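Structure below is target.cif: mmCIF, C-alpha atoms and all ligand atoms.
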```
data_data
#
loop_
_atom_site.label_atom_id
_atom_site.label_comp_id
_atom_site.auth_asym_id
_atom_site.auth_seq_id
_atom_site.Cartn_x
_atom_site.Cartn_y
_atom_site.Cartn_z
CA MET A 1 2.29 18.58 4.87
CA SER A 2 0.91 16.44 2.03
CA THR A 3 -2.42 14.61 2.36
CA GLN A 4 -0.53 11.36 2.60
CA GLU A 5 1.67 12.69 5.40
CA GLN A 6 -1.44 13.87 7.25
CA GLN A 7 -2.90 10.37 6.93
CA PHE A 8 0.35 8.87 8.25
CA GLU A 9 0.34 11.30 11.20
CA LEU A 10 -3.24 10.33 12.13
CA LEU A 11 -2.40 6.64 11.82
CA ILE A 12 0.66 7.03 14.07
CA GLU A 13 -1.34 9.01 16.65
CA GLY A 14 -3.91 6.21 16.74
CA ILE A 15 -1.28 3.50 17.07
CA LEU A 16 0.48 5.35 19.92
CA ALA A 17 -2.80 5.99 21.76
CA ASN A 18 -4.64 2.71 21.16
CA GLY A 19 -2.32 0.26 19.43
CA TYR A 20 -4.35 0.46 16.24
CA ALA A 21 -5.65 3.01 13.74
CA VAL A 22 -8.17 3.20 10.90
CA CYS A 23 -7.94 5.46 7.86
CA ASP A 24 -10.92 5.65 5.51
CA ASN A 25 -10.38 6.45 1.83
CA PHE A 26 -6.70 5.68 2.16
CA LEU A 27 -7.00 4.13 -1.30
CA THR A 28 -8.86 6.13 -3.93
CA SER A 29 -11.84 4.47 -5.60
CA ASN A 30 -9.75 4.22 -8.77
CA GLU A 31 -6.96 2.41 -6.90
CA VAL A 32 -9.56 0.06 -5.42
CA LEU A 33 -10.87 -0.74 -8.92
CA LEU A 34 -7.39 -1.39 -10.30
CA LEU A 35 -6.53 -3.60 -7.33
CA LEU A 36 -9.80 -5.54 -7.74
CA ASN A 37 -8.83 -6.19 -11.36
CA ALA A 38 -5.38 -7.36 -10.35
CA PHE A 39 -6.91 -9.50 -7.59
CA SER A 40 -9.34 -11.29 -9.88
CA ALA A 41 -6.71 -11.82 -12.59
CA ARG A 42 -4.45 -13.49 -10.00
CA TYR A 43 -7.35 -15.49 -8.60
CA GLU A 44 -8.43 -16.71 -12.03
CA ALA A 45 -4.85 -17.72 -12.79
CA GLY A 46 -5.42 -20.24 -10.01
CA SER A 47 -2.48 -19.39 -7.82
CA PHE A 48 -4.27 -18.75 -4.51
CA LYS A 49 -3.75 -21.27 -1.70
CA GLU A 50 -5.67 -22.09 1.46
CA ALA A 51 -3.99 -20.12 4.20
CA GLY A 52 -2.14 -22.02 6.91
CA ILE A 53 -1.36 -21.27 10.52
CA GLY A 54 1.91 -21.72 12.35
CA LYS A 55 4.02 -24.62 11.21
CA GLN A 56 3.34 -26.13 7.81
CA SER A 57 2.83 -29.56 9.41
CA GLU A 58 -0.30 -28.20 11.07
CA VAL A 59 -1.93 -26.83 7.94
CA HIS A 60 -4.59 -29.55 8.03
CA LYS A 61 -6.00 -28.10 11.25
CA SER A 62 -6.15 -24.62 9.80
CA SER A 63 -9.62 -24.50 8.34
CA LEU A 64 -11.14 -24.61 11.83
CA ILE A 65 -9.20 -21.46 12.61
CA ARG A 66 -9.07 -19.58 9.32
CA GLY A 67 -10.84 -20.03 6.00
CA ASP A 68 -9.22 -17.52 3.72
CA GLU A 69 -7.32 -18.22 0.52
CA ILE A 70 -4.18 -16.17 -0.02
CA LEU A 71 -1.57 -15.22 -2.57
CA TRP A 72 1.71 -13.55 -1.59
CA LEU A 73 2.70 -10.56 -3.72
CA GLU A 74 6.15 -10.51 -5.28
CA ASN A 75 8.22 -7.43 -4.39
CA SER A 76 9.33 -7.44 -8.02
CA THR A 77 5.80 -7.45 -9.43
CA GLN A 78 5.36 -5.60 -12.73
CA ASP A 79 1.61 -5.25 -12.26
CA SER A 80 0.90 -1.54 -11.98
CA ALA A 81 -1.87 -1.83 -9.36
CA GLU A 82 0.25 -4.09 -7.17
CA ARG A 83 3.16 -1.69 -7.53
CA VAL A 84 0.99 1.22 -6.38
CA LEU A 85 0.00 -0.78 -3.30
CA LEU A 86 3.61 -1.69 -2.52
CA GLN A 87 4.57 1.97 -2.98
CA HIS A 88 1.93 3.01 -0.41
CA ASN A 89 3.44 0.53 2.02
CA GLN A 90 6.96 1.73 1.29
CA ALA A 91 6.00 5.38 1.80
CA PHE A 92 4.46 4.48 5.17
CA ILE A 93 7.53 2.43 6.13
CA ASN A 94 9.83 5.34 5.28
CA TYR A 95 7.67 7.73 7.28
CA LEU A 96 7.55 5.39 10.30
CA ASN A 97 11.30 4.84 10.22
CA GLN A 98 12.04 8.57 9.94
CA THR A 99 9.57 9.78 12.56
CA CYS A 100 9.31 6.83 15.00
CA TYR A 101 12.65 5.04 14.46
CA LEU A 102 10.86 1.72 14.10
CA GLY A 103 13.70 0.09 12.18
CA ILE A 104 11.45 -1.62 9.66
CA LYS A 105 13.64 -3.56 7.21
CA SER A 106 11.16 -5.21 4.86
CA SER A 107 7.56 -6.21 4.39
CA GLU A 108 5.45 -9.14 3.24
CA VAL A 109 2.04 -8.73 1.64
CA HIS A 110 -0.72 -11.07 0.53
CA PHE A 111 -4.10 -10.90 -1.13
CA ALA A 112 -6.80 -12.62 0.93
CA LYS A 113 -10.19 -13.87 -0.14
CA TYR A 114 -12.80 -15.08 2.34
CA ALA A 115 -15.63 -16.90 0.61
CA THR A 116 -19.11 -16.68 2.15
CA GLY A 117 -19.17 -18.51 5.49
CA LYS A 118 -15.45 -18.12 6.21
CA PHE A 119 -13.79 -16.45 9.22
CA TYR A 120 -10.46 -16.16 11.04
CA ARG A 121 -10.67 -16.96 14.74
CA ARG A 122 -9.11 -14.78 17.39
CA HIS A 123 -5.33 -14.69 17.05
CA ARG A 124 -2.22 -12.57 17.19
CA ASP A 125 -0.08 -11.95 14.10
CA SER A 126 3.30 -12.22 15.74
CA PHE A 127 3.74 -15.65 17.26
CA GLN A 128 6.62 -18.01 17.84
CA ALA A 129 6.99 -19.27 14.28
CA GLN A 130 6.34 -15.81 12.95
CA LYS A 131 8.61 -13.43 14.87
CA GLY A 132 9.66 -10.08 13.51
CA ARG A 133 6.28 -8.68 12.52
CA ILE A 134 6.11 -5.15 13.92
CA LEU A 135 3.02 -3.72 12.29
CA SER A 136 0.04 -5.33 10.53
CA VAL A 137 -1.43 -3.23 7.71
CA ILE A 138 -4.68 -4.21 5.99
CA TYR A 139 -6.43 -2.69 2.98
CA TYR A 140 -10.03 -3.53 2.10
CA LEU A 141 -11.50 -3.76 -1.38
CA ASN A 142 -15.21 -4.40 -0.75
CA THR A 143 -17.44 -1.95 -2.56
CA ASP A 144 -21.18 -2.15 -1.66
CA TRP A 145 -20.46 -3.71 1.74
CA ILE A 146 -23.40 -3.66 4.18
CA PRO A 147 -23.49 -4.54 7.92
CA GLU A 148 -25.50 -7.72 7.16
CA HIS A 149 -22.44 -9.08 5.38
CA GLY A 150 -20.66 -9.47 8.74
CA GLY A 151 -16.98 -10.12 8.09
CA ASN A 152 -15.82 -7.49 10.56
CA LEU A 153 -12.31 -7.19 11.85
CA VAL A 154 -12.69 -7.22 15.65
CA ILE A 155 -9.72 -5.86 17.58
CA TYR A 156 -9.42 -6.53 21.33
CA THR A 157 -7.81 -3.93 23.55
CA GLN A 158 -7.23 -3.59 27.30
CA GLN A 159 -8.68 -0.47 28.96
CA ASN A 160 -7.86 -0.15 32.66
CA GLY A 161 -7.54 -3.90 32.95
CA MET A 162 -10.84 -4.52 31.17
CA GLU A 163 -11.07 -6.04 27.72
CA GLU A 164 -12.83 -3.99 25.09
CA SER A 165 -13.42 -4.73 21.45
CA ILE A 166 -13.95 -2.65 18.37
CA SER A 167 -15.56 -3.88 15.13
CA ILE A 168 -14.28 -2.57 11.84
CA ALA A 169 -16.15 -3.26 8.59
CA PRO A 170 -13.98 -4.13 5.55
CA LEU A 171 -15.05 -1.13 3.47
CA ALA A 172 -13.36 -0.40 0.15
CA GLY A 173 -10.47 2.04 0.50
CA ARG A 174 -10.21 1.64 4.27
CA MET A 175 -6.80 0.90 5.76
CA VAL A 176 -6.27 -0.49 9.26
CA CYS A 177 -2.99 -0.96 11.04
CA PHE A 178 -2.08 -2.31 14.46
CA GLU A 179 0.85 -3.57 16.48
CA SER A 180 1.33 -7.19 15.42
CA ASP A 181 2.63 -8.51 18.74
CA LYS A 182 0.22 -6.71 21.07
CA LEU A 183 -3.35 -7.00 19.86
CA ASP A 184 -5.56 -10.04 19.53
CA HIS A 185 -8.07 -9.78 16.69
CA GLU A 186 -10.39 -11.89 14.57
CA VAL A 187 -12.42 -11.81 11.38
CA THR A 188 -16.05 -12.67 12.10
CA GLN A 189 -17.90 -14.96 9.72
CA THR A 190 -18.53 -13.28 6.42
CA HIS A 191 -21.83 -13.60 4.56
CA ALA A 192 -20.46 -12.20 1.31
CA GLU A 193 -17.17 -12.62 -0.50
CA ARG A 194 -14.62 -10.51 1.40
CA LEU A 195 -11.45 -9.26 -0.30
CA SER A 196 -8.46 -7.64 1.36
CA ILE A 197 -4.74 -7.13 1.11
CA THR A 198 -2.75 -7.74 4.28
CA GLY A 199 0.82 -6.70 4.90
CA TRP A 200 3.30 -6.94 7.74
CA PHE A 201 6.22 -4.62 8.32
CA LEU A 202 9.19 -6.65 9.55
CA ASN A 203 12.23 -5.92 11.71
CA HIS A 204 14.47 -8.09 9.49
CA SER A 205 15.12 -8.38 5.77
C1 LIG A 301 -4.76 -11.69 9.12
C2 LIG A 301 -5.91 -10.92 9.65
C3 LIG A 301 -7.71 -9.35 9.28
C4 LIG A 301 -8.62 -8.82 8.22
O1 LIG A 301 -4.68 -11.91 7.90
O2 LIG A 301 -3.90 -12.08 9.94
O3 LIG A 301 -6.07 -10.87 10.83
O4 LIG A 301 -9.41 -7.92 8.54
N1 LIG A 301 -6.71 -10.25 8.79
O5 LIG A 301 -8.57 -9.29 7.08
MN MN A 302 -4.26 -11.34 11.87
#
```

Show the structure stored in the file as structure tokens.
Ligand code: OGA
Ligand code: MN
Amino acid sequence: MSTQEQQFELLIEGILANGYAVCDNFLTSNEVLLLLNAFSARYEAGSFKEAGIGKQSEVHKSSLIRGDEILWLENSTQDSAERVLLQHNQAFINYLNQTCYLGIKSSEVHFAKYATGKFYRRHRDSFQAQKGRILSVIYYLNTDWIPEHGGNLVIYTQQNGMEESISIAPLAGRMVCFESDKLDHEVTQTHAERLSITGWFLNHS
């Protein structure tokens, strides 16, 4: 089994057991660097937008709930770093479809930047206006991250009827995935710029 297949197996075990899984060093440090370059080039080109929630008509309420700025990746991107990222996703999708019959048909992926002070309140990724998200997959790009920076992903789970939570720091190279329709989660306030790439695997094309 290749290293990548071993990582996929561990991720799937975690998802089956807990609904979520974390894989450190999923991206190499070189991939992180290339993606950071692509990220800042896109950001400087000025194409990021304040993220919304739910229906577009409610975007004005969004900043109380989430403060990130996002840019959707094009599936047809010619940027080599972005292509590597999309290929990682596609390899995972293929593996999930072959081994777990998940029937994933497509994916959507965005860069996300949380400036200092920003957060994303507790939510679920698959809601009424946003059906069809099976799995949420997040990659972090923050080198030199320390606990004082906050900005953790907190995932809430139910254990024997009791709620538990787990805090995951957005460390460079780390990948987290979880079932989009089952787990509430939030991003706690960040005290440093926090960069990530978030994707969803969808049951429709
Ligand atoms: C999201 C989200 C978590 C994170 O974009 O929906 O929950 O850790 N992101 O960036
Ligand atoms: Mn989310």

Check your understanding: Within 10 Å of ligand MN 302 (chain A), counting all atoms listed in the file, which protein or nucleic acid residues do you find, written as a VMD selection string?
Key -> chain A and resid 66 120 to 126 136 to 138 153 155 178 180 183 to 187 198 to 200

**Study point:** Minimum-distance residue to Arg42 in chain A, chosen among A:Glu74, A:Ser29, A:Ala21, A:Ile65 (using all atoms listed in the file)
**Key:** A:Glu74

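Of note, CA of Val154 in chain A and CA of Phe39 in chain A are spaced 24.1 Å apart.
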
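When all atoms listed in the file are used to measure the gap to Leu11 in chain A, the shortest distance among A:Val176, A:Ala91, A:Leu202, A:Leu64 belongs to A:Val176.
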
Review point. So which one's closest to ligand LIG 301 (chain A), A:Arg174, A:His204, A:Arg83, A:Lys131? Using only C-alpha atoms and all ligand atoms, please.
Key: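 Selected residue with least distance to ligand LIG 301 (chain A): A:Arg174.
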
Review point. With distances taken over all atoms listed in the file, which of A:Leu96, A:Ala192, A:Ile146, A:Ala51 is nearest to ligand LIG 301 (chain A)?
Key: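 Among the listed residues, the smallest separation from ligand LIG 301 (chain A) belongs to A:Ala51.
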
Exercise for review: Take the point (-2.2, 12.0, 1.2) in the file's coordinates, draw a sphere of radius 12 Å around it, and report as a PyMOL selection string every protein, DNA or RNA residue with an atom inside or on it, counting all atoms listed in the file.
Suggested key: chain A and resi 1-11+23-28+88+91-92

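Interatomic distance, CA of Asn89 in chain A against CA of Lys105 in chain A: 12.2 Å.
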
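You will find CA of Asp144 in chain A at 23.6 Å from CA of Leu71 in chain A.
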
Practice item. Would you mind listing what lies within 9 Å of Gly19 in chain A as a VMD selection string, with all atoms listed in the file counted and same-chain residues fewer than 4 positions away left out? Key: chain A and resid 14 to 15 157 177 to 179 182 to 183

Point to revise | Among listed residues A:Tyr101, A:Phe48, A:Phe201, A:Tyr114, nearest ligand LIG 301 (chain A) (using all atoms listed in the file) | key: A:Tyr114

Check your understanding: When distances are computed from all atoms listed in the file, which of A:Asn152, A:Asn160, A:Asn203, A:Gln189 shows the smallest separation from ligand LIG 301 (chain A)?
Key ->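 Comparing A:Asn152, A:Asn160, A:Asn203, A:Gln189 against ligand LIG 301 (chain A), the winner is A:Asn152.
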